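File shown: structure.cif (mmCIF, C-alpha atoms).
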data_protein
#
loop_
_atom_site.label_atom_id
_atom_site.label_comp_id
_atom_site.auth_asym_id
_atom_site.auth_seq_id
_atom_site.Cartn_x
_atom_site.Cartn_y
_atom_site.Cartn_z
CA MET G 24 0.00 0.00 0.00
CA ASN G 25 1.35 3.41 -0.99
CA HIS G 26 0.99 6.37 1.32
CA PRO G 27 1.10 9.90 -0.02
CA SER G 28 4.45 11.49 0.51
CA LYS G 29 2.98 14.93 1.27
CA ILE G 30 -0.27 15.95 2.82
CA ARG G 31 -1.85 18.77 0.81
CA VAL G 32 -3.83 20.81 3.29
CA TYR G 33 -4.01 23.93 1.14
CA GLU G 34 -5.98 22.32 -1.72
CA PRO G 35 -9.25 21.76 0.20
CA PHE G 36 -8.86 25.21 1.75
CA LEU G 37 -8.35 26.77 -1.70
CA TRP G 38 -11.41 24.99 -3.06
CA MET G 39 -13.46 26.16 -0.09
CA VAL G 40 -12.42 29.80 -0.73
CA VAL G 41 -13.19 29.55 -4.47
CA ILE G 42 -16.60 27.95 -3.88
CA GLY G 43 -17.43 30.50 -1.15
CA ALA G 44 -16.51 33.42 -3.43
CA GLY G 45 -18.60 31.90 -6.23
CA ILE G 46 -21.61 31.59 -3.96
CA VAL G 47 -21.29 35.20 -2.79
CA TYR G 48 -20.93 36.42 -6.39
CA LEU G 49 -23.94 34.43 -7.62
CA LEU G 50 -26.15 35.50 -4.70
CA ASN G 51 -25.37 39.15 -5.40
CA ALA G 52 -25.89 38.68 -9.15
CA PHE G 53 -29.31 37.09 -8.64
CA ASN G 54 -30.29 39.65 -5.98
CA SER G 55 -29.29 42.68 -8.05
CA GLY G 56 -30.43 41.34 -11.42
CA THR G 57 -27.09 42.05 -13.11
CA TRP G 58 -23.90 40.04 -13.53
CA LEU G 59 -21.79 43.21 -13.22
CA TRP G 60 -23.18 44.31 -9.82
CA PHE G 61 -19.71 45.12 -8.47
CA GLN G 62 -18.97 47.90 -11.00
CA SER G 63 -21.30 50.71 -9.77
CA THR G 64 -21.79 51.90 -13.33
CA ALA G 65 -24.66 52.45 -15.71
CA THR G 66 -24.99 51.58 -19.37
CA ASN G 67 -27.37 52.78 -22.07
CA VAL G 68 -27.44 56.24 -20.46
CA ARG G 69 -27.69 58.32 -23.63
CA PRO G 70 -31.20 59.82 -23.62
CA SER G 71 -33.38 60.00 -26.71
CA ARG G 72 -35.30 63.01 -25.37
CA ILE G 73 -34.59 65.60 -22.65
CA ILE G 74 -37.00 67.94 -20.90
CA ILE G 75 -35.71 70.85 -18.82
CA ILE G 76 -38.24 72.29 -16.39
CA ASP G 77 -37.19 75.72 -15.11
CA ASN G 78 -39.70 77.48 -12.83
CA GLY G 79 -42.67 76.04 -14.69
CA GLN G 80 -41.27 76.54 -18.18
CA ARG G 81 -40.77 73.24 -20.02
CA THR G 82 -38.13 73.04 -22.75
CA ALA G 83 -38.05 69.83 -24.78
CA LEU G 84 -34.80 68.88 -26.46
CA SER G 85 -34.61 66.19 -29.12
CA PRO G 86 -31.68 65.13 -31.33
CA GLY G 87 -32.32 68.04 -33.75
CA HIS G 88 -32.02 70.73 -31.04
CA ALA G 89 -28.78 72.75 -30.93
CA ASN G 90 -27.97 71.89 -27.30
CA PHE G 91 -29.23 68.30 -27.29
CA HIS G 92 -25.97 66.51 -28.07
CA ALA G 93 -23.90 68.53 -25.56
CA LEU G 94 -26.44 67.94 -22.78
CA ALA G 95 -26.92 64.25 -23.71
CA ASP G 96 -23.14 63.71 -23.66
CA ALA G 97 -22.88 65.46 -20.29
CA ALA G 98 -25.76 63.40 -18.86
CA SER G 99 -24.11 60.19 -20.12
CA ALA G 100 -20.80 61.17 -18.52
CA SER G 101 -22.43 62.05 -15.19
CA LEU G 102 -24.61 58.94 -15.07
CA SER G 103 -21.96 56.46 -16.14
CA LYS G 104 -20.44 56.19 -12.64
CA LEU G 105 -22.46 55.93 -9.42
CA SER G 106 -21.42 56.59 -5.85
CA ASN G 107 -23.84 54.35 -3.94
CA THR G 108 -24.29 50.61 -3.78
CA ASP G 109 -27.84 50.63 -2.43
CA LEU G 110 -30.90 52.74 -3.13
CA ILE G 111 -31.13 55.93 -1.11
CA SER G 112 -34.37 55.92 0.88
CA ILE G 113 -35.99 59.06 -0.51
CA GLY G 114 -38.91 59.46 -2.83
CA LEU G 115 -40.90 62.06 -4.69
CA SER G 116 -44.08 63.15 -2.94
CA ASP G 117 -46.91 64.90 -4.78
CA ASP G 118 -45.80 68.17 -3.15
CA THR G 119 -42.21 67.69 -4.37
CA LEU G 120 -43.41 66.92 -7.90
CA GLU G 121 -45.60 70.02 -7.81
CA ALA G 122 -42.63 72.10 -6.66
CA TYR G 123 -40.52 70.65 -9.48
CA ALA G 124 -43.22 71.58 -12.00
CA THR G 125 -43.63 75.17 -10.80
CA HIS G 126 -40.57 76.64 -9.06
CA SER G 127 -37.51 74.41 -9.40
CA LEU G 128 -34.98 73.43 -12.02
CA VAL G 129 -35.06 69.74 -12.95
CA ILE G 130 -34.11 67.60 -15.92
CA GLU G 131 -36.11 64.65 -17.15
CA LEU G 132 -34.26 62.17 -19.36
CA TYR G 133 -36.18 59.71 -21.51
CA PHE G 134 -34.70 56.57 -23.09
CA ASP G 135 -35.81 54.27 -25.91
CA GLN G 136 -34.27 51.26 -24.12
CA PRO G 137 -34.18 50.72 -20.33
CA VAL G 138 -31.11 51.99 -18.50
CA GLN G 139 -28.98 49.20 -17.03
CA PHE G 140 -27.53 50.09 -13.62
CA ASN G 141 -24.75 47.78 -12.49
CA THR G 142 -25.12 48.12 -8.73
CA LEU G 143 -25.64 45.86 -5.75
CA ALA G 144 -29.21 47.16 -5.41
CA ARG G 145 -32.06 45.97 -7.57
CA VAL G 146 -32.96 49.22 -9.31
CA GLY G 147 -35.27 47.93 -12.02
CA LYS G 148 -35.19 48.86 -15.68
CA PRO G 149 -36.15 52.53 -15.83
CA THR G 150 -36.87 54.31 -19.10
CA GLN G 151 -36.97 57.77 -17.55
CA LEU G 152 -34.75 59.58 -15.04
CA LEU G 153 -35.37 62.78 -13.12
CA ILE G 154 -32.45 64.85 -11.87
CA PRO G 155 -33.17 67.79 -9.53
CA ILE G 156 -30.78 70.65 -10.23
CA GLU G 157 -32.29 73.33 -7.99
CA GLY G 158 -34.92 72.77 -5.31
CA THR G 159 -35.73 69.77 -3.13
CA HIS G 160 -33.08 67.00 -3.25
CA ALA G 161 -30.86 69.10 -5.54
CA ASP G 162 -27.70 69.11 -3.46
CA GLY G 163 -26.99 65.37 -3.41
CA GLY G 164 -26.50 64.45 -7.07
CA TYR G 165 -29.65 62.33 -6.79
CA VAL G 166 -31.27 60.60 -9.74
CA PHE G 167 -34.83 59.31 -9.53
CA ARG G 168 -35.91 56.43 -11.73
CA GLY G 169 -39.23 55.77 -13.38
CA GLU G 170 -41.20 54.29 -16.21
CA ASN G 171 -44.37 55.17 -18.14
CA GLY G 172 -44.77 58.56 -16.43
CA ALA G 173 -44.51 57.18 -12.86
CA TRP G 174 -41.56 57.85 -10.55
CA TRP G 175 -40.31 55.05 -8.31
CA PHE G 176 -39.24 55.25 -4.68
CA GLY G 177 -35.53 55.35 -4.00
CA ALA G 178 -32.75 57.29 -5.65
CA ILE G 179 -29.26 56.63 -6.91
CA ARG G 180 -26.40 59.12 -6.71
CA MET G 181 -24.10 60.26 -9.50
CA ALA G 182 -20.43 60.05 -8.57
CA ASP G 183 -19.62 63.23 -10.52
CA PRO G 184 -22.53 65.43 -11.64
CA ALA G 185 -20.11 68.21 -12.71
CA PRO G 186 -20.31 67.51 -16.50
CA LEU G 187 -24.10 67.81 -16.39
CA TYR G 188 -24.01 70.99 -14.32
CA ALA G 189 -21.36 72.52 -16.59
CA ALA G 190 -23.44 71.77 -19.71
CA LEU G 191 -26.48 73.37 -18.09
CA GLN G 192 -24.44 76.40 -17.09
CA HIS G 193 -23.19 76.69 -20.68
CA MET G 194 -26.85 76.72 -21.78
CA GLY G 195 -27.60 79.57 -19.37
CA TYR G 196 -29.05 77.66 -16.43
CA THR G 197 -27.54 78.11 -12.99
CA ALA G 198 -27.82 75.92 -9.93
CA ALA G 199 -27.22 77.02 -6.37
CA ALA G 200 -26.28 73.45 -5.42
CA TRP G 201 -23.21 73.44 -7.66
CA GLN G 202 -20.70 76.14 -8.26
CA PRO G 203 -17.59 75.54 -10.37
CA ALA G 204 -14.24 75.51 -8.60
CA GLY G 205 -11.88 78.42 -9.08
#
Could you spell out this file's structure in structure tokens?
Amino acid sequence: MNHPSKIRVYEPFLWMVVIGAGIVYLLNAFNSGTWLWFQSTATNVRPSRIIIIDNGQRTALSPGHANFHALADAASASLSKLSNTDLISIGLSDDTLEAYATHSLVIELYFDQPVQFNTLARVGKPTQLLIPIEGTHADGGYVFRGENGAWWFGAIRMADPAPLYAALQHMGYTAAAWQPAG
């Protein structure tokens, strides 16, 4: 009878670590609904239509509008990286939506295909995003998600909203929540 010359203790331990990591990864992937949950990014964030609401005045921008491409590029840059891994527990009340419609500055982004957020949280497949620029919830870089004219509870946060704010400033809109450095 042959006895092994070396006892390999590290192999079962290595397999246990690999299997444990695989289980954690798969649980998070199934919970979040995306295989890339660890990236904190968003894809398909180029809007097909943009509406700017400034103190009750609605301005619709579509691909033929002079400022559409600059604002769409800025929105894509700002939305492509997120700074939270879970939904932020805030929502849009009827009073907040009324304030947005009458005396705030907000941007509504509409998409032909659902936006894919690669986060740990299950954020759904929104086809519209609302970004408060001035007014309630404007100082946190918050983005509210929605679909078919309804806004969902919970927000995500842009890691760097500066490109969006700079594009708006270039268009003549100002926001008290963001002031450029220098």
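Counting all atoms listed in the file, the residue from G:Pro155, G:Phe176, G:Asn67, G:Gln80 that sits nearest to Gln139 of chain G is G:Asn67.
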| message | List the spatial neighbours of Pro137 of chain G as a list in words - criterion: any atom at most 6 Å away, all atoms listed in the file, same-chain residues fewer than 2 positions off excluded. | response |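 Once the nearby chain positions are removed, what remains is Lys148, Pro149 and Thr150 of chain G.
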| task | Determine the residue membership of the PyMOL selection byres ((chain G and resi 91-107) around 8) for the file above and supply it as a PyMOL selection string. | result | chain G and resi 63-66+68-70+73+84-90+108-111+142+179-187+190-191
With C-alpha atoms retained, export the selected residues as a CSV table (one decimal), in the frame of the given file.
chain,number,residue,atom,x,y,z
G,63,SER,CA,-21.3,50.7,-9.8
G,64,THR,CA,-21.8,51.9,-13.3
G,65,ALA,CA,-24.7,52.4,-15.7
G,66,THR,CA,-25.0,51.6,-19.4
G,68,VAL,CA,-27.4,56.2,-20.5
G,69,ARG,CA,-27.7,58.3,-23.6
G,70,PRO,CA,-31.2,59.8,-23.6
G,73,ILE,CA,-34.6,65.6,-22.6
G,84,LEU,CA,-34.8,68.9,-26.5
G,85,SER,CA,-34.6,66.2,-29.1
G,86,PRO,CA,-31.7,65.1,-31.3
G,87,GLY,CA,-32.3,68.0,-33.8
G,88,HIS,CA,-32.0,70.7,-31.0
G,89,ALA,CA,-28.8,72.8,-30.9
G,90,ASN,CA,-28.0,71.9,-27.3
G,108,THR,CA,-24.3,50.6,-3.8
G,109,ASP,CA,-27.8,50.6,-2.4
G,110,LEU,CA,-30.9,52.7,-3.1
G,111,ILE,CA,-31.1,55.9,-1.1
G,142,THR,CA,-25.1,48.1,-8.7
G,179,ILE,CA,-29.3,56.6,-6.9
G,180,ARG,CA,-26.4,59.1,-6.7
G,181,MET,CA,-24.1,60.3,-9.5
G,182,ALA,CA,-20.4,60.0,-8.6
G,183,ASP,CA,-19.6,63.2,-10.5
G,184,PRO,CA,-22.5,65.4,-11.6
G,185,ALA,CA,-20.1,68.2,-12.7
G,186,PRO,CA,-20.3,67.5,-16.5
G,187,LEU,CA,-24.1,67.8,-16.4
G,190,ALA,CA,-23.4,71.8,-19.7
G,191,LEU,CA,-26.5,73.4,-18.1
| said: Please expand the PyMOL selection byres ((chain G and resi 175) around 10) into the concrete residues it hits in this file, giving the result as a ChimeraX atom specification. | reply: /G:113-115,146-147,149,152,167-170,172-174,176-178
| task | Check the smallest atom-to-atom distance from each of G:Gln151, G:Thr82, G:Gly158, G:Tyr123 to Met194 of chain G using all atoms listed in the file, then report the winner. | result |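 Of G:Gln151, G:Thr82, G:Gly158, G:Tyr123, the one nearest Met194 of chain G, counting all atoms listed in the file, is G:Thr82.
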| Top pick for closest residue to Phe134 of chain G, considering G:Tyr188, G:Ile154, G:Ser71, G:Ala161 and counting only C-alpha atoms |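 Selected residue with least distance to Phe134 of chain G: G:Ser71.
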| Separation of atom CA of His126 of chain G from atom CA of Gly79 of chain G, in Å and rounded to one decimal | 6.0 Å
| note | atom CA of Tyr165 of chain G to atom CA of Phe140 of chain G measures 14.2 Å
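For the residues G:Gly195, G:Gly164, G:Pro35, G:Gly45, ranking by smallest atom-to-atom distance to Ile75 of chain G using all atoms listed in the file places G:Gly195 first.
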| field | Residue with smallest distance to Thr197 of chain G - pool G:Ile74, G:Ile156, G:Ala144, G:Val40, counting all atoms listed in the file | value |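 Smallest separation from Thr197 of chain G among the options: G:Ile156.
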| request: Give me the residues within 10 Å of Thr159 of chain G as a list in words, counting all atoms listed in the file and dropping any in the same chain fewer than 4 places off. | output: Leu115, Thr119, Leu120, Ala122, Tyr123, Ser127, Leu128, Val129, Pro155 and Gly163 of chain G
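Coordinates place atom CA of Lys29 of chain G at a distance of 25.8 Å from atom CA of Gly43 of chain G.
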| Counting only C-alpha atoms, which of G:Ala124, G:Leu132, G:Val32, G:Leu50 gets nearest to Asp77 of chain G? |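 Smallest distance to Asp77 of chain G is found for G:Ala124.
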Edge lengths and centre in Å, axis-aligned, segment 160-176 of chain G plus 8 Å each side, as JSON:
{"center_x": -35.6, "center_y": 61.7, "center_z": -10.7, "size_x": 34.3, "size_y": 30.8, "size_z": 30.9}
